[in-house]
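Asks: Dropping in run.txt, which is compact mmCIF, N, CA and C atoms and all ligand atoms:
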# COMPACT_ATOMS: atom_id res chain seq x y z
N MET C 1 1.13 -7.94 -27.70
CA MET C 1 2.29 -7.14 -28.15
C MET C 1 1.91 -5.66 -28.22
N LYS C 2 2.93 -4.85 -28.03
CA LYS C 2 2.74 -3.41 -28.15
C LYS C 2 3.66 -2.86 -29.23
N TYR C 3 3.19 -1.85 -29.91
CA TYR C 3 3.97 -1.22 -30.98
C TYR C 3 4.04 0.27 -30.70
N LYS C 4 5.22 0.82 -30.89
CA LYS C 4 5.41 2.22 -30.59
C LYS C 4 5.68 3.02 -31.86
N CYS C 5 5.04 4.16 -31.94
CA CYS C 5 5.25 5.07 -33.06
C CYS C 5 6.61 5.73 -32.90
N ASN C 6 7.44 5.60 -33.92
CA ASN C 6 8.78 6.19 -33.84
C ASN C 6 8.76 7.71 -33.95
N ILE C 7 7.66 8.24 -34.41
CA ILE C 7 7.59 9.69 -34.61
C ILE C 7 7.16 10.40 -33.33
N CYS C 8 6.03 9.94 -32.72
CA CYS C 8 5.50 10.69 -31.59
C CYS C 8 5.50 9.91 -30.28
N GLY C 9 5.78 8.61 -30.35
CA GLY C 9 5.84 7.82 -29.12
C GLY C 9 4.52 7.19 -28.72
N TYR C 10 3.48 7.37 -29.54
CA TYR C 10 2.20 6.72 -29.26
C TYR C 10 2.39 5.20 -29.24
N VAL C 11 1.70 4.52 -28.33
CA VAL C 11 1.83 3.07 -28.24
C VAL C 11 0.51 2.42 -28.63
N TYR C 12 0.58 1.52 -29.63
CA TYR C 12 -0.59 0.70 -29.97
C TYR C 12 -0.49 -0.60 -29.20
N ASP C 13 -1.47 -0.84 -28.33
CA ASP C 13 -1.50 -2.07 -27.55
C ASP C 13 -2.56 -2.99 -28.14
N GLU C 14 -2.13 -4.17 -28.61
CA GLU C 14 -3.07 -5.08 -29.26
C GLU C 14 -4.21 -5.48 -28.32
N LYS C 15 -3.94 -5.49 -27.04
CA LYS C 15 -4.98 -5.83 -26.06
C LYS C 15 -6.05 -4.75 -26.00
N GLU C 16 -5.66 -3.53 -26.27
CA GLU C 16 -6.60 -2.42 -26.12
C GLU C 16 -7.21 -1.94 -27.43
N GLY C 17 -6.55 -2.26 -28.54
CA GLY C 17 -7.04 -1.76 -29.82
C GLY C 17 -6.83 -0.26 -29.92
N ASP C 18 -7.64 0.38 -30.75
CA ASP C 18 -7.49 1.82 -30.97
C ASP C 18 -8.88 2.45 -31.09
N ALA C 19 -9.31 3.06 -30.00
CA ALA C 19 -10.66 3.64 -29.96
C ALA C 19 -10.83 4.73 -31.01
N PHE C 20 -9.75 5.46 -31.29
CA PHE C 20 -9.81 6.57 -32.24
C PHE C 20 -10.25 6.09 -33.62
N HIS C 21 -9.72 4.93 -34.05
CA HIS C 21 -10.07 4.39 -35.36
C HIS C 21 -11.12 3.28 -35.26
N LYS C 22 -11.73 3.15 -34.07
CA LYS C 22 -12.72 2.09 -33.81
C LYS C 22 -12.15 0.70 -34.10
N ILE C 23 -10.89 0.49 -33.69
CA ILE C 23 -10.27 -0.82 -33.80
C ILE C 23 -10.57 -1.58 -32.50
N LYS C 24 -11.13 -2.77 -32.63
CA LYS C 24 -11.53 -3.55 -31.45
C LYS C 24 -10.35 -4.02 -30.63
N GLU C 25 -10.62 -4.22 -29.32
CA GLU C 25 -9.61 -4.81 -28.44
C GLU C 25 -9.17 -6.15 -29.01
N GLY C 26 -7.90 -6.46 -28.89
CA GLY C 26 -7.39 -7.76 -29.32
C GLY C 26 -7.04 -7.81 -30.80
N THR C 27 -7.13 -6.71 -31.50
CA THR C 27 -6.76 -6.68 -32.92
C THR C 27 -5.24 -6.66 -33.07
N LEU C 28 -4.71 -7.66 -33.76
CA LEU C 28 -3.26 -7.71 -33.96
C LEU C 28 -2.81 -6.55 -34.83
N PHE C 29 -1.62 -6.06 -34.54
CA PHE C 29 -1.09 -4.95 -35.34
C PHE C 29 -1.03 -5.33 -36.81
N SER C 30 -0.65 -6.59 -37.06
CA SER C 30 -0.55 -7.05 -38.45
C SER C 30 -1.91 -7.14 -39.13
N SER C 31 -2.99 -7.15 -38.33
CA SER C 31 -4.33 -7.23 -38.89
C SER C 31 -4.95 -5.86 -39.14
N LEU C 32 -4.26 -4.82 -38.71
CA LEU C 32 -4.78 -3.48 -38.95
C LEU C 32 -4.81 -3.20 -40.45
N PRO C 33 -5.82 -2.46 -40.91
CA PRO C 33 -5.87 -2.13 -42.34
C PRO C 33 -4.65 -1.30 -42.76
N ASP C 34 -4.26 -1.43 -44.02
CA ASP C 34 -3.10 -0.67 -44.51
C ASP C 34 -3.34 0.83 -44.41
N SER C 35 -4.61 1.19 -44.37
CA SER C 35 -4.94 2.62 -44.29
C SER C 35 -4.80 3.15 -42.86
N TRP C 36 -4.59 2.23 -41.91
CA TRP C 36 -4.46 2.66 -40.52
C TRP C 36 -3.21 3.50 -40.35
N SER C 37 -3.33 4.52 -39.54
CA SER C 37 -2.16 5.35 -39.25
C SER C 37 -2.22 5.77 -37.79
N CYS C 38 -1.14 6.30 -37.31
CA CYS C 38 -1.05 6.72 -35.91
C CYS C 38 -2.15 7.74 -35.60
N PRO C 39 -2.94 7.47 -34.56
CA PRO C 39 -4.02 8.41 -34.21
C PRO C 39 -3.51 9.76 -33.72
N VAL C 40 -2.25 9.83 -33.35
CA VAL C 40 -1.70 11.08 -32.83
C VAL C 40 -1.06 11.92 -33.94
N CYS C 41 -0.13 11.28 -34.71
CA CYS C 41 0.64 12.07 -35.67
C CYS C 41 0.41 11.62 -37.11
N ASP C 42 -0.45 10.59 -37.32
CA ASP C 42 -0.82 10.16 -38.66
C ASP C 42 0.31 9.42 -39.39
N ALA C 43 1.29 8.91 -38.64
CA ALA C 43 2.38 8.16 -39.27
C ALA C 43 1.87 6.82 -39.79
N GLU C 44 2.51 6.31 -40.83
CA GLU C 44 2.12 5.01 -41.39
C GLU C 44 2.50 3.87 -40.46
N LYS C 45 1.89 2.69 -40.70
CA LYS C 45 2.18 1.50 -39.89
C LYS C 45 3.67 1.19 -39.88
N SER C 46 4.36 1.49 -41.00
CA SER C 46 5.79 1.16 -41.10
C SER C 46 6.64 2.01 -40.16
N SER C 47 6.04 3.06 -39.60
CA SER C 47 6.78 3.90 -38.66
C SER C 47 6.73 3.34 -37.23
N PHE C 48 6.03 2.21 -37.07
CA PHE C 48 5.90 1.62 -35.74
C PHE C 48 6.91 0.49 -35.55
N ALA C 49 7.37 0.35 -34.31
CA ALA C 49 8.30 -0.73 -33.98
C ALA C 49 7.78 -1.49 -32.77
N VAL C 50 8.03 -2.80 -32.76
CA VAL C 50 7.60 -3.62 -31.64
C VAL C 50 8.32 -3.17 -30.37
N ILE C 51 7.58 -3.11 -29.29
CA ILE C 51 8.21 -2.83 -28.01
C ILE C 51 8.58 -4.16 -27.36
N ASP C 52 9.85 -4.31 -27.05
CA ASP C 52 10.31 -5.51 -26.35
C ASP C 52 10.14 -5.25 -24.86
N GLU C 53 9.05 -5.77 -24.30
CA GLU C 53 8.72 -5.43 -22.92
C GLU C 53 9.75 -5.95 -21.92
N LYS C 54 10.32 -7.12 -22.22
CA LYS C 54 11.35 -7.66 -21.32
C LYS C 54 12.54 -6.72 -21.26
N LYS C 55 12.94 -6.26 -22.45
CA LYS C 55 14.08 -5.35 -22.51
C LYS C 55 13.77 -4.06 -21.75
N ASP C 56 12.56 -3.55 -21.94
CA ASP C 56 12.15 -2.33 -21.24
C ASP C 56 12.25 -2.51 -19.73
N GLN C 57 11.81 -3.68 -19.26
CA GLN C 57 11.86 -3.95 -17.82
C GLN C 57 13.30 -3.93 -17.33
N ASN C 58 14.18 -4.57 -18.09
CA ASN C 58 15.59 -4.59 -17.70
C ASN C 58 16.17 -3.19 -17.63
N GLU C 59 15.81 -2.38 -18.59
CA GLU C 59 16.29 -0.99 -18.60
C GLU C 59 15.85 -0.28 -17.32
N THR C 60 14.59 -0.49 -16.97
CA THR C 60 14.04 0.15 -15.78
C THR C 60 14.79 -0.31 -14.53
N ILE C 61 15.01 -1.62 -14.45
CA ILE C 61 15.72 -2.17 -13.29
C ILE C 61 17.12 -1.57 -13.22
N LYS C 62 17.79 -1.51 -14.36
CA LYS C 62 19.14 -0.96 -14.39
C LYS C 62 19.16 0.49 -13.85
N LYS C 63 18.16 1.26 -14.30
CA LYS C 63 18.08 2.65 -13.86
C LYS C 63 17.86 2.74 -12.35
N GLU C 64 16.98 1.86 -11.84
CA GLU C 64 16.69 1.84 -10.41
C GLU C 64 17.96 1.54 -9.62
N VAL C 65 18.72 0.57 -10.11
CA VAL C 65 19.96 0.18 -9.44
C VAL C 65 20.94 1.36 -9.42
N ASN C 66 21.07 2.02 -10.54
CA ASN C 66 21.97 3.17 -10.62
C ASN C 66 21.57 4.27 -9.62
N LYS C 67 20.25 4.45 -9.53
CA LYS C 67 19.74 5.45 -8.61
C LYS C 67 20.16 5.10 -7.17
N THR C 68 19.94 3.83 -6.83
CA THR C 68 20.22 3.37 -5.47
C THR C 68 21.70 3.52 -5.11
N PHE C 69 22.54 3.11 -6.06
CA PHE C 69 23.97 3.10 -5.74
C PHE C 69 24.67 4.43 -6.07
N GLY C 70 23.95 5.28 -6.77
CA GLY C 70 24.58 6.54 -7.18
C GLY C 70 24.48 7.63 -6.13
N GLN C 71 23.85 7.31 -5.02
CA GLN C 71 23.57 8.38 -4.05
C GLN C 71 24.67 8.59 -2.99
N ASP C 72 25.63 7.68 -2.94
CA ASP C 72 26.67 7.89 -1.92
C ASP C 72 27.95 8.39 -2.55
ZN ZN C 101 2.64 8.86 -34.01
Give the structure from this file in structure tokens form.

Replies:
Amino acid sequence: MKYKCNICGYVYDEKEGDAFHKIKEGTLFSSLPDSWSCPVCDAEKSSFAVIDEKKDQNETIKKEVNKTFGQD
């Protein structure tokens, strides 16, 4: 799962962890210490929202379609 900071757009990827805070790869967002904050803007964990990757993909596809059909 990926989590996005609502303040600055930083993405925490559980597969990658967070090198800035020495968080190991594979660390679940829910397992991060309460003291963890966004490495970019220092926002609290509560400022992060799950990224729905399927939804993101659909959005991208929709945009691509609009591009293709919007040119004539
Ligand atoms: Zn941030």

Asks: Within 8 Å of His21 in chain C, counting all atoms listed in the file, which residues show up once you throw out same-chain ones fewer than 3 positions away? Write them as a compact mmCIF listing (two decimals) with N, CA and C atoms, in the frame of the given file, please.

Replies:
# COMPACT_ATOMS: atom_id res chain seq x y z
N GLY C 17 -6.55 -2.26 -28.54
CA GLY C 17 -7.04 -1.76 -29.82
C GLY C 17 -6.83 -0.26 -29.92
N ASP C 18 -7.64 0.38 -30.75
CA ASP C 18 -7.49 1.82 -30.97
C ASP C 18 -8.88 2.45 -31.09
N LYS C 24 -11.13 -2.77 -32.63
CA LYS C 24 -11.53 -3.55 -31.45
C LYS C 24 -10.35 -4.02 -30.63
N TRP C 36 -4.59 2.23 -41.91
CA TRP C 36 -4.46 2.66 -40.52
C TRP C 36 -3.21 3.50 -40.35
N SER C 37 -3.33 4.52 -39.54
CA SER C 37 -2.16 5.35 -39.25
C SER C 37 -2.22 5.77 -37.79
N PRO C 39 -2.94 7.47 -34.56
CA PRO C 39 -4.02 8.41 -34.21
C PRO C 39 -3.51 9.76 -33.72

Asks: Based on the backbone DSSP call, show me all residues of chain C assigned helix (DSSP H, G or I), as an NGL selection string.

Replies: :C and (19-21 or 29-31 or 45-47 or 53-69)

Asks: Could you report the residues within 7 Å of ligand ZN 101 (chain C), using all atoms listed in the file, as a list in words?

Replies: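 The residues within 7 Å of ligand ZN 101 (chain C), counting all atoms listed in the file, are Lys4, Cys5, Asn6, Ile7, Cys8, Gly9, Tyr10, Ser37, Cys38, Pro39, Val40, Cys41, Asp42 and Ala43 of chain C.
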
Asks: State, in Å with one decimal place, the distance from CA of Asp34 in chain C to CA of Lys54 in chain C.

Replies: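 Spanning CA of Asp34 in chain C to CA of Lys54 in chain C is a straight-line distance of 28.2 Å.
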
Asks: When you draw a straight line from atom C of Glu14 in chain C to atom C of Lys2 in chain C, how long is it in Å?

Replies: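 Distance between the two atoms: 8.3 Å.
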
Asks: Limit the output to C-alpha atoms and give range 16-51 of chain C as a short mmCIF file (atom, residue, chain, number, x, y, z; two decimals), in the first residue's frame.

Replies:
data_model
loop_
_atom_site.label_atom_id
_atom_site.label_comp_id
_atom_site.auth_asym_id
_atom_site.auth_seq_id
_atom_site.Cartn_x
_atom_site.Cartn_y
_atom_site.Cartn_z
CA GLU C 16 10.22 0.99 0.12
CA GLY C 17 10.00 2.24 3.69
CA ASP C 18 11.49 5.63 4.50
CA ALA C 19 15.25 6.04 4.25
CA PHE C 20 15.05 9.50 5.83
CA HIS C 21 13.76 8.07 9.13
CA LYS C 22 15.63 4.76 8.69
CA ILE C 23 12.34 2.88 8.30
CA LYS C 24 12.99 -0.55 6.76
CA GLU C 25 11.49 -1.71 3.48
CA GLY C 26 8.19 -3.51 4.01
CA THR C 27 7.20 -1.54 7.12
CA LEU C 28 3.43 -1.12 7.20
CA PHE C 29 2.20 2.43 7.56
CA SER C 30 0.20 1.35 10.60
CA SER C 31 3.43 0.03 12.14
CA LEU C 32 5.23 3.34 11.90
CA PRO C 33 5.92 4.94 15.28
CA ASP C 34 3.49 7.66 16.36
CA SER C 35 6.42 10.03 16.31
CA TRP C 36 6.87 9.43 12.58
CA SER C 37 6.11 12.38 10.40
CA CYS C 38 6.40 13.30 6.75
CA PRO C 39 10.09 13.52 5.81
CA VAL C 40 9.33 16.45 3.51
CA CYS C 41 6.94 18.73 5.41
CA ASP C 42 6.85 17.13 8.90
CA ALA C 43 3.08 16.47 8.77
CA GLU C 44 1.65 13.94 11.22
CA LYS C 45 0.63 10.41 10.18
CA SER C 46 -3.02 11.55 10.32
CA SER C 47 -2.32 13.87 7.39
CA PHE C 48 -1.71 10.87 5.15
CA ALA C 49 -4.34 9.12 3.04
CA VAL C 50 -4.25 5.73 1.35
CA ILE C 51 -3.67 5.89 -2.36
#
